[in-house]
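**Q** I am sharing data09.cif, which consists of mmCIF, C-alpha atoms:
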```cif
data_data
#
loop_
_atom_site.label_atom_id
_atom_site.label_comp_id
_atom_site.auth_asym_id
_atom_site.auth_seq_id
_atom_site.Cartn_x
_atom_site.Cartn_y
_atom_site.Cartn_z
CA MET P 44 -22.19 19.23 12.01
CA SER P 45 -21.42 18.37 8.43
CA GLU P 46 -19.58 15.44 6.87
CA VAL P 47 -17.87 16.05 3.54
CA SER P 48 -16.84 12.55 2.54
CA SER P 49 -16.36 9.24 4.32
CA GLN P 50 -13.57 8.28 1.91
CA LEU P 51 -10.25 9.78 2.94
CA PRO P 52 -7.76 10.64 0.16
CA ILE P 53 -4.77 8.32 0.23
CA ASP P 54 -1.94 10.69 -0.71
CA PRO P 55 -0.93 13.62 1.52
CA ILE P 56 -0.88 17.22 0.30
CA THR P 57 2.60 18.37 -0.66
CA ALA P 58 2.01 22.06 -1.40
CA VAL P 59 -0.61 24.77 -0.80
CA GLY P 60 -1.05 27.98 -2.75
CA VAL P 61 -3.40 30.77 -3.78
CA VAL P 62 -4.39 31.72 -7.35
CA SER P 63 -6.32 34.68 -8.77
CA SER P 64 -8.71 32.44 -10.71
CA PRO P 65 -9.63 28.75 -10.75
CA SER P 66 -8.41 28.56 -14.35
CA LYS P 67 -4.95 29.86 -13.36
CA ALA P 68 -3.93 26.94 -11.16
CA PRO P 69 -0.72 25.13 -12.16
CA ASP P 70 -0.90 21.62 -13.59
CA GLY P 71 -1.55 19.02 -10.94
CA TYR P 72 -3.20 21.49 -8.53
CA TYR P 73 -6.75 21.17 -7.25
CA VAL P 74 -8.65 24.45 -6.70
CA VAL P 75 -11.11 24.79 -3.82
CA ALA P 76 -13.53 26.77 -5.98
CA GLN P 77 -16.67 26.03 -3.96
CA THR P 78 -17.60 25.76 -0.33
CA THR P 79 -19.07 22.59 1.11
CA ASP P 80 -22.60 23.87 0.40
CA GLY P 81 -21.82 24.81 -3.22
CA SER P 82 -21.19 28.56 -2.79
CA ASP P 83 -18.34 30.48 -4.37
CA ALA P 84 -15.16 29.98 -2.32
CA ASP P 85 -13.56 33.29 -3.31
CA LEU P 86 -11.44 34.30 -0.33
CA ARG P 87 -11.75 38.00 -1.19
CA LYS P 88 -15.56 38.04 -1.34
CA VAL P 89 -17.23 40.16 1.32
CA GLY P 90 -20.86 39.23 2.06
CA LEU P 91 -22.99 38.99 -1.08
CA PHE P 92 -20.74 41.33 -3.06
CA LYS P 93 -18.08 39.83 -5.29
CA SER P 94 -14.80 41.71 -5.46
CA LYS P 95 -13.07 42.54 -8.71
CA VAL P 96 -10.00 40.83 -7.26
CA THR P 97 -10.53 37.15 -6.54
CA ARG P 98 -8.45 34.65 -4.60
CA TYR P 99 -8.86 30.87 -4.48
CA LEU P 100 -7.08 28.29 -2.40
CA CYS P 101 -5.37 25.43 -4.24
CA PHE P 102 -3.21 22.44 -3.36
CA THR P 103 -1.45 19.47 -4.91
CA ARG P 104 -0.70 15.88 -3.96
CA LYS P 105 2.21 15.48 -6.36
CA THR P 106 4.75 13.11 -4.88
CA GLY P 107 7.64 15.02 -3.32
CA PRO P 108 10.17 14.81 -0.50
CA ASP P 109 8.05 17.01 1.83
CA VAL P 110 4.43 16.96 2.98
CA VAL P 111 2.15 19.53 4.66
CA VAL P 112 1.64 18.58 8.32
CA ASP P 113 -0.11 21.69 9.69
CA MET P 114 -1.80 24.95 8.63
CA LYS P 115 -2.56 28.23 10.41
CA LEU P 116 -4.41 31.43 9.52
CA THR P 117 -3.00 34.47 11.33
CA ASP P 118 -3.31 38.25 11.23
CA ILE P 119 -0.83 39.90 8.89
CA LYS P 120 0.61 41.84 11.86
CA ASP P 121 1.20 38.77 14.01
CA ALA P 122 4.59 37.12 14.22
CA LEU P 123 5.10 34.16 11.93
CA PRO P 124 4.58 30.89 13.84
CA ALA P 125 7.74 28.87 14.36
CA SER P 126 8.53 26.36 11.55
CA PHE P 127 5.70 27.75 9.38
CA THR P 128 6.03 29.25 5.90
CA PRO P 129 3.63 32.00 4.75
CA VAL P 130 1.72 31.87 1.46
CA GLN P 131 2.42 35.47 0.49
CA GLU P 132 1.83 35.64 -3.27
CA THR P 133 -0.55 34.21 -5.85
CA MET P 134 1.03 31.47 -7.91
CA ASP P 135 -0.07 32.94 -11.24
CA ARG P 136 0.37 36.73 -10.93
CA LYS P 137 2.74 37.04 -7.96
CA GLU P 138 0.30 39.43 -6.27
CA ALA P 139 -0.52 39.60 -2.57
CA ALA P 140 -2.38 36.44 -1.63
CA MET P 141 -4.51 38.04 1.10
CA ARG P 142 -5.07 41.45 2.61
CA LYS P 143 -5.40 41.34 6.38
CA ARG P 144 -4.84 37.68 6.99
CA ARG P 145 -1.96 35.31 6.26
CA LEU P 146 -2.13 31.60 5.50
CA CYS P 147 0.84 29.63 6.85
CA VAL P 148 1.82 26.02 6.25
CA LYS P 149 4.22 23.72 8.07
CA MET P 150 6.24 21.27 6.00
CA SER P 151 8.01 18.10 7.06
CA PRO P 152 10.10 15.48 5.26
CA ARG P 153 7.82 12.62 4.24
CA GLU P 154 10.02 10.02 5.92
CA ASP P 155 9.70 11.84 9.28
CA ALA P 156 5.93 12.43 9.12
CA LYS P 157 3.45 9.95 10.57
CA THR P 158 0.42 12.11 9.70
CA ALA P 159 -0.07 14.90 7.19
CA VAL P 160 -2.77 17.12 5.72
CA CYS P 161 -4.66 15.07 3.13
CA ASP P 162 -7.68 17.28 2.37
CA ILE P 163 -8.74 20.95 2.56
CA GLN P 164 -12.32 22.26 2.56
CA ILE P 165 -13.94 25.69 2.88
CA THR P 166 -17.28 26.27 4.59
CA ALA P 167 -19.58 29.20 3.84
CA LYS P 168 -20.71 29.61 7.43
CA SER P 169 -18.20 30.09 10.19
CA LYS P 170 -20.36 28.08 12.61
CA THR P 171 -20.40 25.02 10.37
CA HIS P 172 -18.38 22.14 11.80
CA LEU P 173 -16.86 19.43 9.62
CA VAL P 174 -16.51 15.99 11.17
CA ASN P 175 -12.89 14.78 11.48
CA TYR P 176 -11.59 18.16 10.20
CA THR P 177 -9.62 20.88 12.01
CA CYS P 178 -10.49 24.55 11.53
CA VAL P 179 -7.52 26.66 10.44
CA GLY P 180 -9.36 29.95 10.92
CA GLU P 181 -12.06 32.21 9.52
CA LEU P 182 -11.76 34.57 6.57
CA ASN P 183 -14.64 36.76 5.33
CA ASN P 184 -17.22 34.61 7.14
CA MET P 185 -15.75 31.46 5.61
CA GLY P 186 -13.96 28.71 7.48
CA ILE P 187 -10.85 26.93 6.19
CA TRP P 188 -10.62 23.32 7.34
CA TYR P 189 -8.08 20.54 6.89
CA ARG P 190 -8.05 16.82 7.61
CA LEU P 191 -5.10 14.70 8.70
CA GLY P 192 -4.31 11.23 7.45
CA ASP P 193 -1.59 8.64 7.88
CA VAL P 194 1.48 8.97 5.66
CA ARG P 195 2.38 5.87 3.68
CA GLN P 196 6.12 5.44 3.50
CA HIS P 197 7.52 4.42 0.15
CA GLN P 198 9.48 1.14 0.12
CA SER P 199 13.19 1.61 -0.48
CA SER P 200 13.35 -1.58 -2.52
CA ARG P 201 12.12 -1.68 -6.08
CA VAL P 202 9.16 -3.98 -6.59
CA THR P 203 8.87 -5.58 -10.02
CA SER P 204 6.30 -8.22 -11.01
CA GLY P 205 5.39 -8.76 -7.38
CA ARG P 206 9.01 -9.37 -6.35
CA VAL P 207 11.28 -7.13 -4.27
CA GLU P 208 14.62 -6.82 -6.03
CA SER P 209 17.85 -6.75 -4.07
CA ASP P 210 21.39 -5.75 -4.99
CA ALA P 211 22.86 -8.56 -2.90
CA ARG P 212 24.99 -11.13 -4.72
CA PRO P 213 23.24 -14.45 -5.46
CA GLY P 214 24.22 -17.24 -3.08
CA THR P 215 24.89 -14.96 -0.09
CA LEU P 216 23.21 -16.98 2.63
CA SER P 217 23.23 -14.16 5.16
CA LYS P 218 21.00 -11.98 2.97
CA ILE P 219 17.25 -12.10 3.52
CA TYR P 220 14.94 -11.31 0.63
CA SER P 221 11.34 -10.25 0.73
CA GLU P 222 8.77 -11.33 -1.79
CA ARG P 223 5.14 -10.32 -2.09
CA HIS P 224 2.70 -13.15 -1.62
CA GLY P 225 -1.00 -12.39 -1.75
CA THR P 226 -1.71 -9.41 0.47
CA GLY P 227 1.31 -9.75 2.75
CA LEU P 228 5.06 -10.29 2.74
CA TYR P 229 7.07 -13.36 3.54
CA THR P 230 10.82 -13.86 3.73
CA MET P 231 13.00 -16.38 1.99
CA THR P 232 16.68 -17.17 1.99
CA ALA P 233 19.00 -17.12 -0.98
CA LEU P 234 18.93 -20.93 -1.05
CA ASP P 235 15.43 -20.81 -2.55
CA ASP P 236 16.80 -19.98 -6.00
CA VAL P 237 20.00 -22.05 -5.86
CA PRO P 238 19.75 -25.14 -8.10
CA PHE P 239 20.98 -28.27 -6.34
CA VAL P 240 23.13 -29.72 -9.15
CA VAL P 241 26.67 -31.00 -9.52
CA SER P 242 29.14 -28.19 -10.20
CA GLU P 243 30.19 -27.74 -13.81
CA LYS P 244 33.86 -28.05 -12.90
CA PHE P 245 33.23 -31.73 -12.13
CA SER P 246 31.34 -32.25 -15.36
CA GLN P 247 34.31 -32.19 -17.74
CA LYS P 248 34.15 -34.80 -20.41
CA ILE P 249 36.25 -37.89 -19.64
CA PRO P 250 38.44 -39.10 -22.51
CA LYS P 251 37.04 -42.13 -24.27
CA GLU P 252 40.15 -44.21 -23.53
CA MET P 253 39.54 -43.66 -19.80
CA GLN P 254 35.90 -44.83 -19.88
CA GLN P 255 35.08 -48.34 -18.56
CA VAL P 256 38.77 -49.09 -17.91
CA ASN P 257 39.65 -51.62 -15.22
CA LEU P 258 42.95 -50.58 -13.70
CA MET P 259 44.24 -52.92 -10.98
CA GLY P 260 40.68 -53.77 -10.03
CA ILE P 261 39.54 -50.14 -10.05
CA THR P 262 36.88 -49.37 -12.61
CA ILE P 263 36.89 -45.83 -14.05
CA LYS P 264 33.29 -44.99 -14.86
CA SER P 265 31.85 -42.49 -17.26
CA LEU P 266 29.97 -39.39 -16.14
CA ALA P 267 26.66 -41.01 -17.08
CA ASP P 268 27.49 -44.08 -14.95
CA ILE P 269 28.43 -41.91 -11.97
CA GLU P 270 25.23 -39.83 -12.18
CA GLU P 271 23.11 -42.95 -12.47
CA GLU P 272 24.74 -44.67 -9.51
CA PHE P 273 25.09 -41.71 -7.17
CA GLN P 274 22.02 -39.70 -8.12
CA TYR P 275 20.77 -37.57 -5.20
CA ASN P 276 17.68 -35.36 -5.28
CA PHE P 277 18.65 -33.06 -2.34
CA SER P 278 15.18 -33.52 -0.80
CA THR P 279 16.54 -33.05 2.74
CA GLU P 280 18.23 -29.76 1.90
CA ARG P 281 15.15 -28.48 0.15
CA SER P 282 12.92 -29.27 3.14
CA ILE P 283 15.18 -27.11 5.37
CA VAL P 284 14.73 -23.91 3.38
CA LEU P 285 10.97 -24.30 2.84
#
```
Let me see whether you can do it: turn the structure in this file into structure tokens.
**A**
Amino acid sequence: MSEVSSQLPIDPITAVGVVSSPSKAPDGYYVVAQTTDGSDADLRKVGLFKSKVTRYLCFTRKTGPDVVVDMKLTDIKDALPASFTPVQETMDRKEAAMRKRRLCVKMSPREDAKTAVCDIQITAKSKTHLVNYTCVGELNNMGIWYRLGDVRQHQSSRVTSGRVESDARPGTLSKIYSERHGTGLYTMTALDDVPFVVSEKFSQKIPKEMQQVNLMGITIKSLADIEEEFQYNFSTERSIVL
């Protein structure tokens, strides 16, 4: 048995291809140029002899709507497995990817996938076994292996400065907001950001001639007098929403 790496890549693979040379891979693609023991991973190589035509496996983890959830290596004459797509041409020259074998991949929408292919390795010896990897098949005495990992679903809400933004109108008590706090999430109601103050419509300036006027025993007080006498800190209401 052989163990490639104990650290599993976080992002799933979103596309798999074949190129004629490691230098011909598209931007953002990783080329499996060597086997796990450091040998040349040319898929066209037969024994110790290197072919004039070379083929190398490549893949990318660029974020996209779909992810690779399975891989198969079949004979070119066999029927295409259901829900699988063949890798028929090289990405750089549009030439036949393989001769007698056919690499097939199965795609799935990211939101529907719980697990997906997160790493691909090639072994030089067909009898070599990679821990936690699944063998796709053998090609020219080389084994193609993949490893599955959990798919992290992207949050639908936009997170900015540690806060989850919402399109809900402020003051809507039925809406629940989420806010990041440390390593987890906690919920809060819309009351958390509502200032407990007297409405502005009751804060209109009282005419001077109406201030401190005693009318039939009724004293009309100024706004400052009212606030001083009836000041309330809303402590009870605040304790409810905490």
**Q** Nearest residue to P:Thr57 out of P:Ser282, P:Thr177, P:Gln164, P:Thr106, using only C-alpha atoms?
**A**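 Nearest candidate to P:Thr57 out of P:Ser282, P:Thr177, P:Gln164, P:Thr106: P:Thr106.
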**Q** As a PyMOL selection string, please: the residues near P:Lys95 (cut-off 12 Å, all atoms listed in the file, same-chain neighbours under 6 positions excluded).
**A** chain P and resi 63-64+85-89
**Q** One decimal, in Å: what's the spacing between atom CA of P:Thr158 and atom CA of P:Gly192?
**A** 5.3 Å
**Q** Name the residues that the PyMOL selection byres ((chain P and resi 149) around 8) picks from the file above, as a list in words, using the file's chain letters and numbers.
**A**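 Selected by the PyMOL selection byres ((chain P and resi 149) around 8) in this file: Val111, Val112, Asp113, Met114, Ser126, Phe127, Thr128, Cys147, Val148, Met150 and Ser151 of chain P.
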**Q** Using all atoms listed in the file, can you list as number ranges by chain the residues within 10 Å of (6.4, 10.8, 8.1)?
**A** P: 109-110, 112, 151-159, 193-196
**Q** Using only C-alpha atoms, can you tell me which of P:Tyr73, P:Glu272, P:Asp80, P:Leu191 comes closest to P:Thr171?
**A** P:Asp80
**Q** Is it possible to add N, CA, C and O atoms to stretch 106-126 of chain P and hand it back as a PDB file, in the frame of the given file?
**A**
```pdb
ATOM      1  N   THR P 106       3.760  13.760  -5.735  1.00  0.00           N
ATOM      2  CA  THR P 106       4.750  13.110  -4.880  1.00  0.00           C
ATOM      3  C   THR P 106       6.014  13.955  -4.778  1.00  0.00           C
ATOM      4  O   THR P 106       6.569  14.395  -5.783  1.00  0.00           O
ATOM      5  N   GLY P 107       6.431  14.224  -3.561  1.00  0.00           N
ATOM      6  CA  GLY P 107       7.640  15.020  -3.320  1.00  0.00           C
ATOM      7  C   GLY P 107       8.297  14.609  -2.027  1.00  0.00           C
ATOM      8  O   GLY P 107       7.771  13.789  -1.265  1.00  0.00           O
ATOM      9  N   PRO P 108       9.454  15.177  -1.727  1.00  0.00           N
ATOM     10  CA  PRO P 108      10.170  14.810  -0.500  1.00  0.00           C
ATOM     11  C   PRO P 108       9.517  15.323   0.768  1.00  0.00           C
ATOM     12  O   PRO P 108       9.729  14.778   1.845  1.00  0.00           O
ATOM     13  N   ASP P 109       8.681  16.406   0.651  1.00  0.00           N
ATOM     14  CA  ASP P 109       8.050  17.010   1.830  1.00  0.00           C
ATOM     15  C   ASP P 109       6.532  16.915   1.736  1.00  0.00           C
ATOM     16  O   ASP P 109       5.959  16.853   0.639  1.00  0.00           O
ATOM     17  N   VAL P 110       5.883  16.967   2.910  1.00  0.00           N
ATOM     18  CA  VAL P 110       4.430  16.960   2.980  1.00  0.00           C
ATOM     19  C   VAL P 110       3.975  18.057   3.939  1.00  0.00           C
ATOM     20  O   VAL P 110       4.730  18.499   4.807  1.00  0.00           O
ATOM     21  N   VAL P 111       2.727  18.510   3.776  1.00  0.00           N
ATOM     22  CA  VAL P 111       2.150  19.530   4.660  1.00  0.00           C
ATOM     23  C   VAL P 111       1.598  18.828   5.901  1.00  0.00           C
ATOM     24  O   VAL P 111       0.755  17.937   5.791  1.00  0.00           O
ATOM     25  N   VAL P 112       2.066  19.240   7.080  1.00  0.00           N
ATOM     26  CA  VAL P 112       1.640  18.580   8.320  1.00  0.00           C
ATOM     27  C   VAL P 112       0.768  19.482   9.192  1.00  0.00           C
ATOM     28  O   VAL P 112       0.133  18.996  10.132  1.00  0.00           O
ATOM     29  N   ASP P 113       0.715  20.795   8.884  1.00  0.00           N
ATOM     30  CA  ASP P 113      -0.110  21.690   9.690  1.00  0.00           C
ATOM     31  C   ASP P 113      -0.358  22.979   8.911  1.00  0.00           C
ATOM     32  O   ASP P 113       0.415  23.342   8.007  1.00  0.00           O
ATOM     33  N   MET P 114      -1.444  23.676   9.265  1.00  0.00           N
ATOM     34  CA  MET P 114      -1.800  24.950   8.630  1.00  0.00           C
ATOM     35  C   MET P 114      -2.325  25.895   9.703  1.00  0.00           C
ATOM     36  O   MET P 114      -2.964  25.476  10.661  1.00  0.00           O
ATOM     37  N   LYS P 115      -2.058  27.208   9.509  1.00  0.00           N
ATOM     38  CA  LYS P 115      -2.560  28.230  10.410  1.00  0.00           C
ATOM     39  C   LYS P 115      -2.969  29.462   9.596  1.00  0.00           C
ATOM     40  O   LYS P 115      -2.391  29.746   8.553  1.00  0.00           O
ATOM     41  N   LEU P 116      -3.974  30.176  10.118  1.00  0.00           N
ATOM     42  CA  LEU P 116      -4.410  31.430   9.520  1.00  0.00           C
ATOM     43  C   LEU P 116      -4.234  32.520  10.577  1.00  0.00           C
ATOM     44  O   LEU P 116      -4.901  32.500  11.609  1.00  0.00           O
ATOM     45  N   THR P 117      -3.328  33.453  10.336  1.00  0.00           N
ATOM     46  CA  THR P 117      -3.000  34.470  11.330  1.00  0.00           C
ATOM     47  C   THR P 117      -3.237  35.866  10.761  1.00  0.00           C
ATOM     48  O   THR P 117      -3.386  36.056   9.545  1.00  0.00           O
ATOM     49  N   ASP P 118      -3.250  36.858  11.663  1.00  0.00           N
ATOM     50  CA  ASP P 118      -3.310  38.250  11.230  1.00  0.00           C
ATOM     51  C   ASP P 118      -1.982  38.625  10.588  1.00  0.00           C
ATOM     52  O   ASP P 118      -0.922  38.130  10.982  1.00  0.00           O
ATOM     53  N   ILE P 119      -2.041  39.520   9.626  1.00  0.00           N
ATOM     54  CA  ILE P 119      -0.830  39.900   8.890  1.00  0.00           C
ATOM     55  C   ILE P 119       0.199  40.555   9.816  1.00  0.00           C
ATOM     56  O   ILE P 119       1.406  40.526   9.555  1.00  0.00           O
ATOM     57  N   LYS P 120      -0.287  41.149  10.941  1.00  0.00           N
ATOM     58  CA  LYS P 120       0.610  41.840  11.860  1.00  0.00           C
ATOM     59  C   LYS P 120       1.231  40.893  12.891  1.00  0.00           C
ATOM     60  O   LYS P 120       2.184  41.274  13.567  1.00  0.00           O
ATOM     61  N   ASP P 121       0.676  39.721  13.014  1.00  0.00           N
ATOM     62  CA  ASP P 121       1.200  38.770  14.010  1.00  0.00           C
ATOM     63  C   ASP P 121       2.527  38.185  13.560  1.00  0.00           C
ATOM     64  O   ASP P 121       2.840  38.111  12.353  1.00  0.00           O
ATOM     65  N   ALA P 122       3.310  37.757  14.535  1.00  0.00           N
ATOM     66  CA  ALA P 122       4.590  37.120  14.220  1.00  0.00           C
ATOM     67  C   ALA P 122       4.339  35.772  13.541  1.00  0.00           C
ATOM     68  O   ALA P 122       3.356  35.088  13.835  1.00  0.00           O
ATOM     69  N   LEU P 123       5.226  35.425  12.642  1.00  0.00           N
ATOM     70  CA  LEU P 123       5.100  34.160  11.930  1.00  0.00           C
ATOM     71  C   LEU P 123       5.322  33.002  12.890  1.00  0.00           C
ATOM     72  O   LEU P 123       6.321  32.967  13.605  1.00  0.00           O
ATOM     73  N   PRO P 124       4.394  32.042  12.940  1.00  0.00           N
ATOM     74  CA  PRO P 124       4.580  30.890  13.840  1.00  0.00           C
ATOM     75  C   PRO P 124       5.866  30.132  13.523  1.00  0.00           C
ATOM     76  O   PRO P 124       6.279  30.051  12.357  1.00  0.00           O
ATOM     77  N   ALA P 125       6.493  29.597  14.538  1.00  0.00           N
ATOM     78  CA  ALA P 125       7.740  28.870  14.360  1.00  0.00           C
ATOM     79  C   ALA P 125       7.551  27.665  13.431  1.00  0.00           C
ATOM     80  O   ALA P 125       6.555  26.949  13.537  1.00  0.00           O
ATOM     81  N   SER P 126       8.489  27.485  12.509  1.00  0.00           N
ATOM     82  CA  SER P 126       8.530  26.360  11.550  1.00  0.00           C
ATOM     83  C   SER P 126       7.448  26.445  10.483  1.00  0.00           C
ATOM     84  O   SER P 126       7.261  25.502   9.720  1.00  0.00           O
TER      85      SER P 126
END
```
